[in-house]
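**Student:** Data: input-v5.cif, mmCIF, C-alpha atoms.
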```cif
data_query
#
loop_
_atom_site.label_atom_id
_atom_site.label_comp_id
_atom_site.auth_asym_id
_atom_site.auth_seq_id
_atom_site.Cartn_x
_atom_site.Cartn_y
_atom_site.Cartn_z
CA MET U 1 -34.73 -0.19 -76.46
CA ARG U 2 -32.19 1.87 -78.35
CA LEU U 3 -33.25 3.05 -81.77
CA LYS U 4 -30.17 1.52 -83.37
CA GLU U 5 -31.03 -1.89 -81.95
CA ILE U 6 -34.53 -1.54 -83.33
CA ALA U 7 -33.10 -0.61 -86.71
CA LYS U 8 -30.89 -3.68 -86.62
CA LYS U 9 -33.56 -6.10 -85.44
CA LEU U 10 -36.15 -4.92 -87.93
CA GLY U 11 -33.66 -4.65 -90.77
CA LEU U 12 -34.44 -0.96 -91.27
CA GLU U 13 -32.49 1.16 -93.67
CA VAL U 14 -31.29 4.37 -92.03
CA LYS U 15 -31.97 7.27 -94.39
CA SER U 16 -31.14 10.32 -92.34
CA ALA U 17 -29.62 11.65 -89.11
CA SER U 18 -27.73 8.42 -88.43
CA ALA U 19 -25.90 10.21 -85.61
CA LYS U 20 -29.13 10.27 -83.64
CA LEU U 21 -29.71 6.53 -83.41
CA ASP U 22 -28.48 6.22 -79.86
CA VAL U 23 -31.75 7.16 -78.17
CA ASP U 24 -34.10 5.12 -76.07
CA VAL U 25 -37.49 4.28 -77.55
CA LYS U 26 -40.28 3.14 -75.28
CA SER U 27 -43.43 3.90 -77.17
CA GLY U 28 -44.74 4.37 -80.64
CA TYR U 29 -47.59 5.47 -82.84
CA ALA U 30 -48.84 4.41 -86.25
CA SER U 31 -50.87 6.73 -88.44
CA ASP U 32 -50.91 8.40 -91.83
CA ILE U 33 -53.12 11.28 -90.77
CA ILE U 34 -50.85 14.19 -89.97
CA SER U 35 -53.23 15.93 -87.55
CA ASP U 36 -53.67 12.66 -85.71
CA VAL U 37 -49.93 12.23 -85.35
CA MET U 38 -49.58 15.85 -84.28
CA ALA U 39 -52.18 15.48 -81.56
CA ASN U 40 -51.31 12.04 -80.28
CA THR U 41 -47.58 11.51 -80.34
CA ARG U 42 -45.24 12.36 -77.51
CA ALA U 43 -41.57 13.23 -77.48
CA GLY U 44 -39.45 10.12 -77.92
CA ASP U 45 -42.09 8.12 -79.79
CA ILE U 46 -41.29 6.13 -82.88
CA TRP U 47 -43.77 6.83 -85.69
CA VAL U 48 -44.76 4.24 -88.27
CA THR U 49 -46.25 5.69 -91.44
CA PHE U 50 -46.72 5.42 -95.15
CA GLN U 51 -46.17 9.14 -95.66
CA THR U 52 -42.97 10.36 -97.24
CA HIS U 53 -43.43 14.06 -97.91
CA GLU U 54 -41.58 16.97 -96.31
CA ASN U 55 -44.18 17.66 -93.74
CA MET U 56 -43.57 14.47 -91.84
CA VAL U 57 -40.16 15.91 -91.00
CA ALA U 58 -41.81 19.02 -89.59
CA VAL U 59 -44.20 16.92 -87.52
CA ALA U 60 -41.47 14.62 -86.23
CA SER U 61 -39.30 17.58 -85.34
CA LEU U 62 -42.11 19.58 -83.71
CA ASN U 63 -43.13 16.70 -81.50
CA GLY U 64 -39.58 15.58 -80.84
CA LEU U 65 -40.13 12.05 -82.16
CA ALA U 66 -37.28 9.57 -81.88
CA GLY U 67 -37.69 8.57 -85.49
CA VAL U 68 -39.98 7.82 -88.39
CA ILE U 69 -40.31 4.37 -89.92
CA VAL U 70 -41.59 4.52 -93.47
CA ALA U 71 -43.36 1.27 -94.32
CA LYS U 72 -43.39 -0.86 -97.46
CA GLY U 73 -40.06 0.32 -98.74
CA ARG U 74 -41.30 3.74 -99.84
CA GLU U 75 -38.37 6.01 -100.58
CA PRO U 76 -38.58 9.60 -99.36
CA ASP U 77 -37.36 12.22 -101.86
CA LYS U 78 -33.86 13.60 -101.62
CA ASP U 79 -35.26 16.97 -100.54
CA VAL U 80 -37.13 15.31 -97.71
CA LEU U 81 -34.00 13.49 -96.54
CA LYS U 82 -31.98 16.68 -96.77
CA LYS U 83 -34.47 18.46 -94.58
CA ALA U 84 -34.55 15.53 -92.16
CA GLU U 85 -30.77 15.61 -91.94
CA LYS U 86 -30.85 19.32 -91.21
CA GLU U 87 -33.55 19.00 -88.56
CA GLY U 88 -31.97 15.91 -87.04
CA VAL U 89 -34.98 13.71 -87.76
CA VAL U 90 -34.16 10.01 -88.13
CA ILE U 91 -35.92 8.43 -91.10
CA LEU U 92 -35.83 4.67 -91.41
CA VAL U 93 -37.28 2.59 -94.20
CA SER U 94 -38.79 -0.86 -93.71
CA LYS U 95 -39.57 -3.23 -96.56
CA GLU U 96 -42.52 -4.56 -94.60
CA PRO U 97 -46.04 -3.13 -94.46
CA ALA U 98 -47.00 -0.90 -91.50
CA PHE U 99 -48.96 -3.68 -89.78
CA GLU U 100 -45.91 -5.92 -89.68
CA VAL U 101 -43.64 -3.11 -88.53
CA ALA U 102 -45.97 -2.20 -85.66
CA GLY U 103 -46.31 -5.85 -84.69
CA ARG U 104 -42.60 -6.37 -84.59
CA LEU U 105 -42.07 -3.21 -82.55
CA TYR U 106 -44.69 -4.40 -80.11
CA ALA U 107 -42.93 -7.74 -79.84
CA LEU U 108 -39.79 -5.83 -78.87
CA GLY U 109 -41.64 -4.28 -75.95
CA ILE U 110 -42.50 -0.96 -77.56
CA SER U 111 -46.14 -0.17 -77.03
CA GLY U 112 -48.58 2.59 -77.72
CA LYS U 113 -49.89 2.48 -74.20
CA THR U 114 -47.52 4.79 -72.39
CA ARG U 115 -49.32 7.91 -73.55
CA SER U 116 -51.93 9.44 -71.29
CA MET T 1 -23.88 21.96 -54.46
CA GLY T 2 -21.95 22.68 -57.61
CA ARG T 3 -19.40 20.07 -56.73
CA ARG T 4 -22.02 17.44 -56.18
CA LYS T 5 -23.57 18.20 -59.49
CA LYS T 6 -20.25 17.77 -61.28
CA PHE T 7 -19.71 14.50 -59.47
CA THR T 8 -22.96 13.04 -60.70
CA LYS T 9 -22.30 14.47 -64.14
CA ILE T 10 -19.07 12.46 -64.35
CA GLN T 11 -20.89 9.39 -63.16
CA GLU T 12 -23.45 9.91 -65.84
CA LEU T 13 -20.76 10.39 -68.46
CA VAL T 14 -18.83 7.23 -67.64
CA TYR T 15 -21.99 5.31 -68.43
CA GLU T 16 -22.92 7.38 -71.44
CA LEU T 17 -19.53 7.43 -73.11
CA LYS T 18 -18.32 4.23 -74.69
CA VAL T 19 -14.79 2.93 -74.95
CA GLY T 20 -15.06 3.49 -78.69
CA ASP T 21 -15.75 7.20 -78.09
CA VAL T 22 -12.52 7.99 -76.30
CA MET T 23 -10.01 5.41 -77.61
CA LYS T 24 -7.18 6.42 -79.91
CA LYS T 25 -8.09 5.17 -83.33
CA ASP T 26 -4.86 5.47 -85.25
CA VAL T 27 -3.27 2.52 -83.54
CA ILE T 28 0.46 2.06 -83.82
CA THR T 29 1.10 -1.65 -83.86
CA VAL T 30 4.27 -3.69 -84.01
CA SER T 31 5.03 -7.14 -85.33
CA PRO T 32 6.25 -10.07 -83.18
CA LYS T 33 9.36 -10.00 -85.34
CA THR T 34 10.16 -6.36 -84.62
CA SER T 35 13.30 -6.11 -82.52
CA MET T 36 13.33 -4.61 -79.05
CA SER T 37 15.78 -1.95 -80.21
CA LYS T 38 13.41 -0.98 -83.01
CA LEU T 39 10.57 -0.89 -80.48
CA ARG T 40 12.54 1.58 -78.41
CA GLU T 41 12.81 3.87 -81.43
CA ILE T 42 9.13 3.52 -82.24
CA LEU T 43 8.01 4.30 -78.69
CA ARG T 44 10.27 7.32 -78.57
CA ALA T 45 9.38 8.64 -82.00
CA LYS T 46 5.64 8.18 -81.57
CA ARG T 47 5.64 9.22 -77.91
CA ILE T 48 3.65 6.20 -76.84
CA SER T 49 4.12 3.92 -73.88
CA GLY T 50 3.21 0.63 -75.48
CA ALA T 51 1.71 -1.06 -78.51
CA PRO T 52 -0.34 -4.10 -79.48
CA VAL T 53 1.70 -6.78 -81.22
CA MET T 54 -0.09 -7.87 -84.35
CA ASN T 55 0.35 -11.03 -86.33
CA GLY T 56 -1.47 -9.87 -89.46
CA GLU T 57 -5.05 -9.19 -88.36
CA LYS T 58 -4.68 -11.10 -85.11
CA ILE T 59 -3.44 -9.82 -81.80
CA ALA T 60 -0.43 -11.84 -80.73
CA GLY T 61 0.37 -9.89 -77.60
CA ILE T 62 1.07 -6.52 -76.13
CA ILE T 63 4.35 -4.81 -75.35
CA SER T 64 4.89 -1.82 -73.11
CA ILE T 65 7.61 0.58 -72.12
CA GLU T 66 7.86 -1.30 -68.80
CA ASP T 67 8.78 -4.46 -70.72
CA LEU T 68 11.42 -2.49 -72.56
CA ILE T 69 12.87 -0.98 -69.41
CA LYS T 70 12.99 -4.39 -67.76
CA HIS T 71 14.68 -5.82 -70.83
CA MET T 72 17.28 -3.06 -70.77
CA ALA T 73 17.80 -3.27 -67.02
CA ASP T 74 18.45 -6.97 -67.41
CA ARG T 75 21.02 -6.03 -70.05
CA GLY T 76 19.41 -8.57 -72.31
CA GLU T 77 20.59 -8.88 -75.87
CA ASP T 78 18.48 -7.44 -78.63
CA CYS T 79 15.74 -9.90 -79.54
CA PRO T 80 12.36 -9.94 -81.29
CA ILE T 81 9.42 -8.51 -79.36
CA ARG T 82 7.87 -11.98 -79.44
CA GLN T 83 10.14 -13.04 -76.60
CA LYS T 84 9.30 -10.15 -74.30
CA MET T 85 5.67 -9.36 -74.98
CA THR T 86 2.74 -10.25 -72.76
CA ARG T 87 0.86 -12.99 -74.54
CA SER T 88 -2.41 -13.21 -72.68
CA VAL T 89 -3.81 -9.93 -73.90
CA LYS T 90 -6.65 -8.37 -71.99
CA VAL T 91 -8.93 -6.41 -74.29
CA LEU T 92 -11.91 -4.10 -74.13
CA TYR T 93 -14.72 -3.81 -76.65
CA ASP T 94 -15.69 -0.54 -78.27
CA ASP T 95 -19.32 -0.77 -77.12
CA GLU T 96 -18.48 -1.08 -73.41
CA PRO T 97 -19.23 1.93 -71.24
CA LEU T 98 -16.25 3.80 -69.82
CA THR T 99 -17.11 2.68 -66.33
CA HIS T 100 -16.20 -0.91 -67.33
CA ALA T 101 -12.90 0.29 -68.67
CA ILE T 102 -12.12 2.22 -65.49
CA GLU T 103 -12.89 -0.87 -63.42
CA ARG T 104 -10.63 -2.98 -65.59
CA PHE T 105 -7.78 -0.51 -65.27
CA GLU T 106 -8.20 -0.55 -61.51
CA LYS T 107 -8.42 -4.32 -61.18
CA THR T 108 -5.61 -5.27 -63.54
CA GLY T 109 -3.24 -2.38 -62.96
CA LEU T 110 -2.55 -2.40 -66.68
CA GLY T 111 -1.70 0.74 -68.58
CA ARG T 112 -3.52 0.10 -71.82
CA PHE T 113 -6.04 -2.15 -73.51
CA PRO T 114 -6.43 -2.88 -77.18
CA VAL T 115 -10.02 -2.16 -78.21
CA LEU T 116 -11.73 -4.73 -80.39
CA ASP T 117 -14.92 -4.89 -82.38
CA ARG T 118 -17.04 -7.40 -80.49
CA LYS T 119 -18.25 -9.27 -83.54
CA LYS T 120 -15.41 -9.15 -86.00
CA ARG T 121 -12.78 -9.22 -83.25
CA LYS T 122 -10.85 -6.71 -85.28
CA ILE T 123 -8.66 -4.16 -83.58
CA LEU T 124 -10.18 -0.69 -83.61
CA GLY T 125 -7.93 1.24 -81.30
CA VAL T 126 -6.11 1.46 -78.00
CA ILE T 127 -7.30 2.99 -74.77
CA THR T 128 -5.22 4.33 -71.87
CA LYS T 129 -6.23 6.07 -68.65
CA GLY T 130 -5.10 9.29 -70.30
CA ASP T 131 -7.59 8.75 -73.13
CA ILE T 132 -10.38 8.33 -70.61
CA ILE T 133 -9.49 11.58 -68.86
CA GLU T 134 -9.17 13.38 -72.16
CA GLY T 135 -12.47 11.98 -73.41
CA LEU T 136 -14.28 13.00 -70.25
CA LEU T 137 -12.85 16.48 -70.31
CA LYS T 138 -13.79 16.97 -73.94
CA LYS T 139 -17.32 15.79 -73.33
CA LEU T 140 -17.65 18.01 -70.28
CA GLU T 141 -16.50 20.96 -72.31
CA ILE T 142 -19.03 20.24 -75.05
CA ASP T 143 -21.83 19.75 -72.56
CA TYR T 144 -20.85 22.90 -70.71
CA HIS T 145 -20.86 24.83 -73.94
CA GLU T 146 -24.30 23.50 -74.84
CA GLU T 147 -25.54 24.35 -71.39
CA GLU T 148 -24.27 27.88 -71.78
CA ILE T 149 -26.14 28.27 -75.04
CA HIS T 150 -29.14 26.68 -73.44
CA HIS T 151 -28.94 29.07 -70.54
CA TYR T 152 -28.98 31.97 -72.85
CA ARG T 153 -32.67 32.23 -72.73
CA ALA T 154 -34.82 35.19 -72.22
CA SER T 155 -36.87 33.67 -69.43
CA HIS T 156 -36.06 36.55 -67.14
CA ILE T 157 -37.27 39.12 -69.62
CA PHE T 158 -40.62 39.68 -67.92
CA LYS T 159 -38.88 40.40 -64.63
CA ASP T 160 -36.48 42.80 -66.32
CA ILE T 161 -39.10 44.84 -68.07
CA VAL T 162 -40.66 47.39 -65.77
CA ALA T 163 -44.15 48.12 -66.98
CA ASP T 164 -47.76 47.75 -66.01
CA ARG T 165 -48.36 45.55 -68.98
CA THR T 166 -45.85 43.68 -71.09
CA THR T 167 -46.50 41.83 -74.31
CA LEU T 168 -43.96 40.23 -76.59
CA ILE T 169 -45.13 39.87 -80.15
CA PHE T 170 -43.66 37.63 -82.85
CA GLN T 171 -45.06 37.34 -86.30
CA TYR T 172 -44.63 34.60 -88.87
CA ASP T 173 -45.54 34.91 -92.52
CA VAL T 174 -47.13 31.81 -93.99
CA GLU T 175 -46.87 31.12 -97.69
CA GLY T 176 -50.02 29.74 -99.26
CA ASN T 177 -49.95 26.50 -101.28
CA ASN T 178 -46.40 25.69 -100.30
CA LEU T 179 -46.39 22.43 -98.41
CA LYS T 180 -42.61 22.34 -98.50
CA LYS T 181 -42.30 25.24 -96.13
CA ALA T 182 -45.32 24.30 -94.04
CA GLY T 183 -44.44 23.83 -90.40
CA GLU T 184 -41.58 26.31 -90.38
CA GLY T 185 -43.63 28.89 -88.55
CA ALA T 186 -44.63 26.41 -85.88
CA SER T 187 -40.98 25.33 -85.52
CA GLY T 188 -39.91 28.93 -85.04
CA ILE T 189 -42.61 29.49 -82.47
CA LYS T 190 -41.61 26.36 -80.59
CA ARG T 191 -37.96 27.39 -80.48
CA THR T 192 -38.72 30.94 -79.42
CA LEU T 193 -41.05 29.91 -76.61
CA GLY T 194 -38.39 27.46 -75.44
CA ARG T 195 -35.93 30.31 -75.17
CA LEU T 196 -38.44 32.29 -73.21
CA GLY T 197 -38.52 29.49 -70.70
CA VAL T 198 -42.15 28.56 -71.28
CA ARG T 199 -43.06 25.16 -69.82
CA PRO T 200 -42.79 22.28 -72.32
CA GLU T 201 -46.41 21.30 -71.88
CA ILE T 202 -47.52 24.80 -72.81
CA ILE T 203 -45.10 24.95 -75.73
CA ARG T 204 -46.52 21.70 -77.00
CA ARG T 205 -50.04 23.10 -77.01
CA VAL T 206 -49.04 26.35 -78.70
CA ALA T 207 -46.96 24.44 -81.26
CA ILE T 208 -49.78 22.06 -82.18
CA ALA T 209 -52.27 24.92 -82.52
CA ALA T 210 -49.77 26.97 -84.54
CA TYR T 211 -49.00 24.01 -86.77
CA GLU T 212 -52.63 23.28 -87.53
CA ALA T 213 -53.39 26.95 -88.16
CA GLU T 214 -50.36 27.14 -90.43
CA MET T 215 -51.46 24.07 -92.36
CA ASN T 216 -54.92 25.56 -92.87
CA ILE T 217 -53.42 28.73 -94.28
CA VAL T 218 -51.09 26.72 -96.53
CA ILE T 219 -53.74 24.35 -97.84
CA PHE T 220 -56.70 26.67 -98.29
CA THR T 221 -55.42 30.19 -98.83
CA ASP T 222 -52.91 32.25 -100.75
CA GLY T 223 -51.08 33.06 -97.57
CA GLY T 224 -51.44 34.77 -94.25
CA LYS T 225 -49.71 35.34 -90.99
CA ILE T 226 -49.51 33.95 -87.51
CA THR T 227 -48.93 36.23 -84.57
CA ILE T 228 -47.93 35.11 -81.12
CA LYS T 229 -48.36 37.43 -78.19
CA VAL T 230 -46.64 36.36 -75.01
CA GLU T 231 -47.78 37.96 -71.80
CA PRO T 232 -46.79 37.07 -68.24
CA LYS T 233 -49.95 35.03 -67.71
CA GLN T 234 -51.07 33.91 -71.15
CA ILE T 235 -50.12 33.29 -74.73
CA LEU T 236 -52.33 34.51 -77.55
CA LEU T 237 -52.12 33.05 -81.01
CA GLU T 238 -53.72 34.79 -83.95
CA ALA T 239 -53.89 33.39 -87.45
CA THR T 240 -55.11 35.64 -90.22
CA ASP T 241 -55.57 35.18 -93.95
CA SER T 242 -57.34 37.08 -96.68
CA GLY T 243 -59.61 34.48 -98.13
CA PRO T 244 -61.41 32.50 -99.39
CA GLY T 245 -63.17 32.16 -96.02
CA ILE T 246 -65.02 29.31 -94.34
CA PRO T 247 -68.63 28.92 -95.57
CA ASP T 248 -69.90 27.33 -92.36
CA VAL T 249 -67.72 27.79 -89.29
CA LYS T 250 -69.90 25.53 -87.14
CA LYS T 251 -69.62 22.71 -89.64
CA ALA T 252 -65.88 23.26 -90.00
CA MET T 253 -65.46 22.76 -86.28
CA ARG T 254 -67.05 19.32 -86.44
CA PRO T 255 -64.48 16.54 -86.04
CA GLY T 256 -63.88 14.81 -89.34
CA PHE T 257 -65.51 17.49 -91.48
CA SER T 258 -63.20 18.58 -94.24
CA THR T 259 -63.33 20.35 -97.57
CA ALA T 260 -59.72 19.61 -98.40
CA PRO T 261 -58.94 18.59 -101.98
CA ASP T 262 -58.01 14.98 -102.70
CA TRP T 263 -54.34 15.61 -103.37
CA VAL T 264 -54.00 17.12 -99.93
CA ARG T 265 -55.81 14.22 -98.30
CA GLU T 266 -53.57 11.73 -99.99
CA LEU T 267 -50.69 13.34 -98.19
CA GLY T 268 -52.38 12.77 -94.88
CA PHE T 269 -53.77 16.26 -94.42
CA GLY T 270 -57.34 17.45 -94.49
CA ALA T 271 -58.68 14.79 -92.15
CA GLY T 272 -61.00 17.30 -90.55
CA MET T 273 -59.10 17.26 -87.30
CA GLY T 274 -57.12 20.47 -87.49
CA LEU T 275 -59.62 22.84 -85.90
CA CYS T 276 -60.49 20.24 -83.24
CA ASN T 277 -56.81 19.90 -82.42
CA ILE T 278 -56.56 23.66 -82.09
CA LYS T 279 -59.59 23.74 -79.84
CA ASN T 280 -58.23 20.97 -77.64
CA CYS T 281 -55.00 22.86 -77.19
CA SER T 282 -56.54 26.17 -76.24
CA ASP T 283 -58.24 27.55 -73.19
CA LYS T 284 -60.30 29.88 -75.34
CA MET T 285 -60.84 29.88 -79.08
CA LYS T 286 -62.52 32.33 -81.41
CA LEU T 287 -62.93 31.67 -85.12
CA GLU T 288 -64.40 34.28 -87.41
CA SER T 289 -64.66 34.06 -91.15
CA GLU T 290 -66.15 36.02 -93.96
CA MET T 291 -66.38 34.64 -97.46
CA ARG T 292 -63.82 36.13 -99.86
CA LYS T 293 -62.61 38.42 -97.08
CA GLY T 294 -60.71 35.99 -94.94
CA THR T 295 -60.52 34.11 -91.70
CA HIS T 296 -59.36 35.22 -88.31
CA LEU T 297 -58.52 32.69 -85.61
CA GLU T 298 -57.70 33.68 -82.09
CA ILE T 299 -56.79 31.36 -79.30
CA LYS T 300 -55.69 31.88 -75.75
CA ILE T 301 -53.53 29.54 -73.72
CA LEU T 302 -53.19 30.30 -70.04
CA LEU T 303 -49.76 29.90 -68.52
CA LYS T 304 -50.95 28.85 -65.10
CA LYS T 305 -51.48 25.17 -64.33
CA ARG T 306 -54.60 23.76 -65.88
CA ARG T 307 -57.19 22.61 -63.41
CA LYS T 308 -58.07 19.45 -65.21
#
```
What is this file in structure tokens?

**Tutor:**
Amino acid sequence: MRLKEIAKKLGLEVKSASAKLDVDVKSGYASDIISDVMANTRAGDIWVTFQTHENMVAVASLNGLAGVIVAKGREPDKDVLKKAEKEGVVILVSKEPAFEVAGRLYALGISGKTRS
Amino acid sequence: MGRRKKFTKIQELVYELKVGDVMKKDVITVSPKTSMSKLREILRAKRISGAPVMNGEKIAGIISIEDLIKHMADRGEDCPIRQKMTRSVKVLYDDEPLTHAIERFEKTGLGRFPVLDRKKRKILGVITKGDIIEGLLKKLEIDYHEEEIHHYRASHIFKDIVADRTTLIFQYDVEGNNLKKAGEGASGIKRTLGRLGVRPEIIRRVAIAAYEAEMNIVIFTDGGKITIKVEPKQILLEATDSGPGIPDVKKAMRPGFSTAPDWVRELGFGAGMGLCNIKNCSDKMKLESEMRKGTHLEIKILLKKRRK
């Protein structure tokens, strides 16, 4: 499913790199532990997290993630968004908690199972 | 072969590009009340071959230069466009792929379609065959340009250098205690290896190891450096800092063991997985540390296919 459809269906607020919403998302990962995300995400994944600091942009960019969904309406700092814009990392904010976000993604056919 | 590639590229593009991407946005519209003689002036002045006829926000019809010619050939008297326009307007939506539009042009033989927003049914633009050609050419040019940049990579460098042993060395300085900049070294390494034509799977492993090493330097030390040595058959990564050192290297290697301060953990770091991640990414790993002197990490990643 296209990232922009996901954003629409989940009522996500697009915070950065809105030009990069037209990508296909098939799988996702949910974690707040940076090393875990680093080791276990694949290019094109959507990442659900509670983290909002700069480094999540670095991780998302390094692993080529399709986007980051920040749960529970947490607002990333302006500096973080600026960096995300520069690196072309899509940051989306959901009002719902991470559990709900993951559940709704799963219901849309996005699973965590495609990784090896 | 080149021709075939271009052919499939166009096919790909007509699916990728949407009507909304190539349509002309500044639509020149006319009113049903506009006279045919006025239309003639408008078409000539604006160098267009037709226009949607709008009744306020709603499309009432469409009028083209063919309608005008027919009207003039018939020596009809000047009249409002309303009487000469085509009323059953065929439209396209901005989110339709170009291939739909091309099909519609072929099937209907029409010269232009107003483009509407699917939901609001508002007019967004007009599309002609010319716009499609122009849009495709522009996109091809952009893609070609990107490909050229992409092709500028140094992947042939090892073949060009005549030597018994070749090593390319890049060094990255890592600032201690600065989480804002953390990850920049790893990003640089990733980009550089990409340019060197290293396989994505290998780049991924080097990038993860470099990232974790960088984070360790940022979180625990006052700074250090990461050195990458690229050789024809392997990549070596070295991370060096000047203290404080790891009290128990064996313990530090244990998954989940961490001495990271709370503020770092709250940010999702210091989960005790960094060194394990590094180990998992490397074919060989050596970690030496001396208290107050510093830590030296060395890992080797072989470029040949892993036998796993």

**Student:** Select all residues from chain U having any atom no more than 9 Å from an atom of chain T (counting all atoms listed in the file, ignoring ligands), output as JSON, numbers by chain.

**Tutor:** {"U": [31, 32, 33, 34, 35, 36, 38, 39, 51, 52, 53, 54, 55, 58, 59, 61, 62, 63, 80]}

**Student:** I would like the residues chosen by the PyMOL selection byres ((chain U and resi 97-109) around 7) on the shown file; could you give them as a PDB file with C-alpha atoms, in the frame of the given file?

**Tutor:**
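Full text of expr.pdb as output:
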```pdb
ATOM      1  CA  VAL U  48     -44.760   4.240 -88.270  1.00  0.00           C
ATOM      2  CA  THR U  49     -46.250   5.690 -91.440  1.00  0.00           C
ATOM      3  CA  ALA U  71     -43.360   1.270 -94.320  1.00  0.00           C
ATOM      4  CA  LYS U  72     -43.390  -0.860 -97.460  1.00  0.00           C
ATOM      5  CA  LYS U  95     -39.570  -3.230 -96.560  1.00  0.00           C
ATOM      6  CA  GLU U  96     -42.520  -4.560 -94.600  1.00  0.00           C
ATOM      7  CA  ILE U 110     -42.500  -0.960 -77.560  1.00  0.00           C
ATOM      8  CA  SER U 111     -46.140  -0.170 -77.030  1.00  0.00           C
TER       9      SER U 111
END
```

**Student:** For the file shown, report as a PyMOL selection string the outcome of the PyMOL selection byres ((chain U and resi 10-12) around 7) at residue level.

**Tutor:** chain U and resi 6-9+13-14+92-94

**Student:** Decode the PyMOL selection byres ((chain U and resi 68) around 7) for the given file into explicit residues and return them as a list in words.

**Tutor:**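 Output from the PyMOL selection byres ((chain U and resi 68) around 7), applied to this file: Ile46, Trp47, Val48, Gly67, Ile69, Val70, Val90, Ile91 and Leu92 of chain U.
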
**Student:** In Å, with one decimal, what is the gap from CA of Gly76 in chain T to CA of Pro114 in chain T?

**Tutor:**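 For CA of Gly76 in chain T relative to CA of Pro114 in chain T, the distance reads 26.9 Å.
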
**Student:** Which residues come within 9 Å of Met285 in chain T, counting all atoms listed in the file, excluding same-chain residues fewer than 4 positions away, as a ChimeraX atom specification?

**Tutor:** /T:278-279,297-300

**Student:** I need the chosen residues saved as a CSV table (one decimal), keeping the file's coordinate frame, with C-alpha atoms.

**Tutor:**
```
chain,number,residue,atom,x,y,z
T,278,ILE,CA,-56.6,23.7,-82.1
T,279,LYS,CA,-59.6,23.7,-79.8
T,297,LEU,CA,-58.5,32.7,-85.6
T,298,GLU,CA,-57.7,33.7,-82.1
T,299,ILE,CA,-56.8,31.4,-79.3
T,300,LYS,CA,-55.7,31.9,-75.8
```

**Student:** Can you list, as a list in words, every protein, DNA or RNA residue that comes within 8 Å of Ala43 in chain U when you count all atoms listed in the file, leaving out same-chain residues fewer than 3 positions away?

**Tutor:**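 Residues meeting the cut-off are Asn63, Gly64, Leu65 and Ala66 of chain U.
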
**Student:** When distances are computed from all atoms listed in the file, which of T:Ile228, T:Leu68, T:Ile142, T:Met54 shows the smallest separation from Lys122 in chain T?

**Tutor:**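 Checking each of T:Ile228, T:Leu68, T:Ile142, T:Met54 against Lys122 in chain T, counting all atoms listed in the file, the winner is T:Met54.
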
**Student:** Please, what distance in Å, to one decimal, runs between CA of Asn40 in chain U and CA of Glu214 in chain T?

**Tutor:**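 CA of Glu214 in chain T lies 18.2 Å from CA of Asn40 in chain U.
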
**Student:** What does the distance from CA of Gly197 in chain T to CA of Ile161 in chain T come to in Å, to one decimal?

**Tutor:**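 That distance, rounded to one decimal, is 15.6 Å.
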
**Student:** Within 9 Å of Ile226 in chain T, counting only C-alpha atoms, which residues qualify if same-chain residues fewer than 3 places away don't, as a list in words?

**Tutor:** Phe170, Gln171, Tyr172, Asp173, Val174, Gly185, Ala210, Ala213, Glu214, Leu237, Glu238, Ala239, Thr240 and Asp241 of chain T

**Student:** Go through U:Arg2, U:Lys78, U:Gly88, U:Asp45 and flag the residue nearest Ala30 in chain U, using all atoms listed in the file for the distances.

**Tutor:**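 Once distances to Ala30 in chain U are computed over all atoms listed in the file, the minimum belongs to U:Asp45.
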
**Student:** Which residues come within 10 Å of Leu17 in chain T, counting all atoms listed in the file, excluding same-chain residues fewer than 6 positions away, as a list in words?

**Tutor:**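 My list of contacting residues is Asp95, Glu96, Pro97, Leu98, Thr99, Ile132, Gly135, Leu136 and Lys139 of chain T.
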
**Student:** Would you put the residues from that selection into a file with C-alpha atoms, as a PDB file, in the frame of the given file?

**Tutor:**
```pdb
ATOM      1  CA  ASP T  95     -19.320  -0.770 -77.120  1.00  0.00           C
ATOM      2  CA  GLU T  96     -18.480  -1.080 -73.410  1.00  0.00           C
ATOM      3  CA  PRO T  97     -19.230   1.930 -71.240  1.00  0.00           C
ATOM      4  CA  LEU T  98     -16.250   3.800 -69.820  1.00  0.00           C
ATOM      5  CA  THR T  99     -17.110   2.680 -66.330  1.00  0.00           C
ATOM      6  CA  ILE T 132     -10.380   8.330 -70.610  1.00  0.00           C
ATOM      7  CA  GLY T 135     -12.470  11.980 -73.410  1.00  0.00           C
ATOM      8  CA  LEU T 136     -14.280  13.000 -70.250  1.00  0.00           C
ATOM      9  CA  LYS T 139     -17.320  15.790 -73.330  1.00  0.00           C
TER      10      LYS T 139
END
```

**Student:** Near Val27 in chain T, within 8 Å and counting only C-alpha atoms, which residues show up once chain neighbours fewer than 6 positions away are dropped, as a PyMOL selection string?

**Tutor:** chain T and resi 51+124-126

**Student:** Identify the residues around (-5.6, -10.7, -85.3) within a radius of 12 Å, measuring from all atoms listed in the file in the coordinates stated by the file, and give them as a ChimeraX atom specification.

**Tutor:** /T:29,31,52-61,89,114-117,120-124

**Student:** Which of these, U:Glu75, U:Arg42, U:Lys20, U:Gly28, has the shortest distance to Val89 in chain U once you count only C-alpha atoms?

**Tutor:**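 Of the candidates, the smallest distance to Val89 in chain U is held by U:Lys20.
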